[in-house]
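Peer 1: Once you've had a glance at the structure underneath, I'll fire off some questions.
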Amino acid sequence: MSALALCLVGLSAAPTRAASLLDYVGQCVPFARQASGIQIFGDAWTWWDQAEGRYRRGDEPRVGAVIVFARTGRLPLGHVAVVSRVVENRVVMLTHANWSRLNGERGHAEQDVTLFDVSHDNDWSEVKVWFRDSDGLGGTVYPVRGFIYGEADHRSRELTGRHPDDVAALIDAYAH
């Protein structure tokens, strides 16, 4: 199974609420719910349809919005992450859980991870994501359903670091 194969939901028990978002260890869905305030449950790939009529949806990244990755062979349950910073029109940063391995383990939260729009129409329908194991953007292109917009300032001060490296994000996106 690939390194990015699973973003499990963890239905058996609710995760312990971490004092800080970055202390979180668990699956992407509970993390995105805690970080965004968007109260959707179930596998990540189901969030887009569940949000219809409950939350605004669109194709424009905004701080605090949840990006919904489609279900694929590499992501059979999809993936959800929260936009932490908009760097420019094709580069944003995410804060999410259960993507890269930290200290050899999955599930940890990562802050200000580069996300690059590689779609032909510049519409965020296909992206590449920074992956710690390769220390750069991974080679996989992931299909995206779109962004779900929640409460404006729900924990937004914790989404991005004090000194996010916009230049490194741009280099990650455009230098490779």
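Chain identifiers are assigned as A, B, and so on, following the order in which chains appear in the structure tokens; residues are numbered from 1 within each chain, and ligands are numbered from 1 in order of appearance.
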Skipping near chain neighbours, those fewer than 4 positions away, what residues fall within 7 Å of segment 122-128 of chain A using only C-alpha atoms, listed as a VMD selection string?

Peer 2: chain A and resid 59 115 to 118 137 to 138 140 to 146

Peer 1: Wanna dump the segment 76-128 of chain A-segment 27-37 of chain A contacts at 12 Å for me, each residue with its shortest atom pair and the distance in Å to one decimal, counting only C-alpha atoms, ordered by chain and number, as CSV?

Peer 2:
```
residue,atom,partner,partner_atom,distance
A:Leu77,CA,A:Val29,CA,10.1
A:Gly78,CA,A:Cys28,CA,9.5
A:His79,CA,A:Cys28,CA,6.6
A:Val80,CA,A:Cys28,CA,6.0
A:Ala81,CA,A:Ala32,CA,5.8
A:Val82,CA,A:Ala32,CA,6.1
A:Val83,CA,A:Ser36,CA,9.2
A:Ser84,CA,A:Ala35,CA,10.0
A:Leu94,CA,A:Ala32,CA,10.6
A:Thr95,CA,A:Ala32,CA,8.7
A:His96,CA,A:Cys28,CA,6.5
A:Ala97,CA,A:Cys28,CA,4.8
A:Asn98,CA,A:Gln27,CA,5.5
A:Trp99,CA,A:Cys28,CA,8.1
A:Ser100,CA,A:Cys28,CA,11.5
A:Arg106,CA,A:Gln27,CA,8.8
A:Gly107,CA,A:Gln27,CA,5.7
A:His108,CA,A:Gln27,CA,8.3
A:Ala109,CA,A:Phe31,CA,8.0
A:Glu110,CA,A:Phe31,CA,10.7
A:Gln111,CA,A:Ala35,CA,11.4
```

Peer 1: Write a file of the just-selected residues containing N, CA and C atoms, as an mmCIF file, in the first residue's frame.

Peer 2:
```cif
data_model
loop_
_atom_site.group_PDB
_atom_site.id
_atom_site.type_symbol
_atom_site.label_atom_id
_atom_site.label_comp_id
_atom_site.auth_asym_id
_atom_site.auth_seq_id
_atom_site.Cartn_x
_atom_site.Cartn_y
_atom_site.Cartn_z
ATOM 1 N N LEU A 77 -10.093 6.744 0.502
ATOM 2 C CA LEU A 77 -11.071 7.440 1.341
ATOM 3 C C LEU A 77 -10.999 8.948 1.138
ATOM 4 N N GLY A 78 -10.228 9.389 0.137
ATOM 5 C CA GLY A 78 -10.049 10.821 -0.093
ATOM 6 C C GLY A 78 -9.127 11.423 0.946
ATOM 7 N N HIS A 79 -9.157 12.731 1.012
ATOM 8 C CA HIS A 79 -8.366 13.462 2.007
ATOM 9 C C HIS A 79 -8.989 14.843 2.146
ATOM 10 N N VAL A 80 -8.947 15.398 3.343
ATOM 11 C CA VAL A 80 -9.369 16.780 3.585
ATOM 12 C C VAL A 80 -8.257 17.492 4.332
ATOM 13 N N ALA A 81 -8.113 18.775 4.023
ATOM 14 C CA ALA A 81 -7.086 19.609 4.649
ATOM 15 C C ALA A 81 -7.634 21.029 4.726
ATOM 16 N N VAL A 82 -7.009 21.862 5.527
ATOM 17 C CA VAL A 82 -7.474 23.229 5.731
ATOM 18 C C VAL A 82 -6.448 24.203 5.157
ATOM 19 N N VAL A 83 -6.913 25.164 4.389
ATOM 20 C CA VAL A 83 -6.029 26.181 3.814
ATOM 21 C C VAL A 83 -5.537 27.082 4.937
ATOM 22 N N SER A 84 -4.213 27.172 5.075
ATOM 23 C CA SER A 84 -3.641 28.002 6.130
ATOM 24 C C SER A 84 -3.126 29.339 5.608
ATOM 25 N N LEU A 94 -1.276 24.473 3.258
ATOM 26 C CA LEU A 94 -2.283 23.704 3.992
ATOM 27 C C LEU A 94 -1.783 23.381 5.385
ATOM 28 N N THR A 95 -2.724 23.201 6.280
ATOM 29 C CA THR A 95 -2.439 22.566 7.555
ATOM 30 C C THR A 95 -3.355 21.356 7.590
ATOM 31 N N HIS A 96 -2.767 20.182 7.814
ATOM 32 C CA HIS A 96 -3.555 18.950 7.754
ATOM 33 C C HIS A 96 -2.903 17.853 8.585
ATOM 34 N N ALA A 97 -3.582 16.734 8.673
ATOM 35 C CA ALA A 97 -3.076 15.598 9.440
ATOM 36 C C ALA A 97 -3.075 14.346 8.571
ATOM 37 N N ASN A 98 -2.188 13.425 8.926
ATOM 38 C CA ASN A 98 -2.129 12.090 8.343
ATOM 39 C C ASN A 98 -1.742 12.099 6.870
ATOM 40 N N TRP A 99 -0.723 12.864 6.542
ATOM 41 C CA TRP A 99 -0.222 12.868 5.160
ATOM 42 C C TRP A 99 1.205 12.315 5.141
ATOM 43 N N SER A 100 2.156 13.077 5.638
ATOM 44 C CA SER A 100 3.552 12.615 5.688
ATOM 45 C C SER A 100 3.801 11.827 6.967
ATOM 46 N N ARG A 106 2.586 7.928 10.939
ATOM 47 C CA ARG A 106 1.552 8.699 10.267
ATOM 48 C C ARG A 106 0.607 9.312 11.299
ATOM 49 N N GLY A 107 -0.185 10.273 10.849
ATOM 50 C CA GLY A 107 -1.240 10.822 11.687
ATOM 51 C C GLY A 107 -0.958 12.208 12.246
ATOM 52 N N HIS A 108 0.295 12.603 12.263
ATOM 53 C CA HIS A 108 0.640 13.892 12.853
ATOM 54 C C HIS A 108 0.133 15.058 12.009
ATOM 55 N N ALA A 109 -0.099 16.162 12.675
ATOM 56 C CA ALA A 109 -0.484 17.398 11.982
ATOM 57 C C ALA A 109 0.761 18.037 11.389
ATOM 58 N N GLU A 110 0.581 18.651 10.224
ATOM 59 C CA GLU A 110 1.649 19.413 9.569
ATOM 60 C C GLU A 110 1.096 20.795 9.248
ATOM 61 N N GLN A 111 1.897 21.801 9.480
ATOM 62 C CA GLN A 111 1.474 23.186 9.279
ATOM 63 C C GLN A 111 2.168 23.791 8.063
#
```

Peer 1: Here is a test: counting only C-alpha atoms, which residue of A:Gly73, A:Gly104, A:Pro61, A:Gly136 is nearest to Ala175 of chain A?

Peer 2: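 Comparing A:Gly73, A:Gly104, A:Pro61, A:Gly136 against Ala175 of chain A, the winner is A:Gly136.
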
Peer 1: Skip Gly58 of chain A itself and residues of its chain fewer than 5 positions away, then list as number ranges by chain all residues within 8 Å of it, counting only C-alpha atoms.

Peer 2: A: 146-149

Peer 1: Enumerate the residues of chain A with a DSSP assignment of helix (DSSP H, G or I), computed from the backbone, and present them as a PyMOL selection string.

Peer 2: chain A and resi 21-23+28-36+44-51+132-134+156-159+166-174

Peer 1: Which one is closest to Leu75 of chain A: A:Gln50, A:Ser20, A:Asn89, A:Ala44? Count only C-alpha atoms.

Peer 2: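 Going through A:Gln50, A:Ser20, A:Asn89, A:Ala44 one by one, the smallest distance to Leu75 of chain A is for A:Ala44.
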
Peer 1: To one decimal place, how far is atom CA of Asp166 of chain A from atom CA of Val113 of chain A in Å?

Peer 2: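 Separation of atom CA of Asp166 of chain A and atom CA of Val113 of chain A: 10.4 Å.
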
Peer 1: Of the candidates A:Ala169, A:Val87, A:Val92, A:Leu22, which one gets nearest to Ile67 of chain A if we count only C-alpha atoms?

Peer 2: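 Looking at the shortest contact to Ile67 of chain A, the residue is A:Val92.
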
Peer 1: To one decimal place in Å, what is the distance between atom CA of Val91 of chain A and atom CA of Ala173 of chain A?

Peer 2: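 Interatomic distance here is 7.1 Å.
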
Peer 1: Please, which residues of segment 50-172 of chain A, numbered as in this document, come out strand (DSSP E) from DSSP, as a PyMOL selection string?

Peer 2: chain A and resi 56-58+66-69+79-88+91-97+109-117+126-131+136-137+142-149

Peer 1: For a test of reading the model, state the distance in Å between atom CA of Asp172 of chain A and atom CA of Val129 of chain A, rounded to one decimal.

Peer 2: 9.6 Å
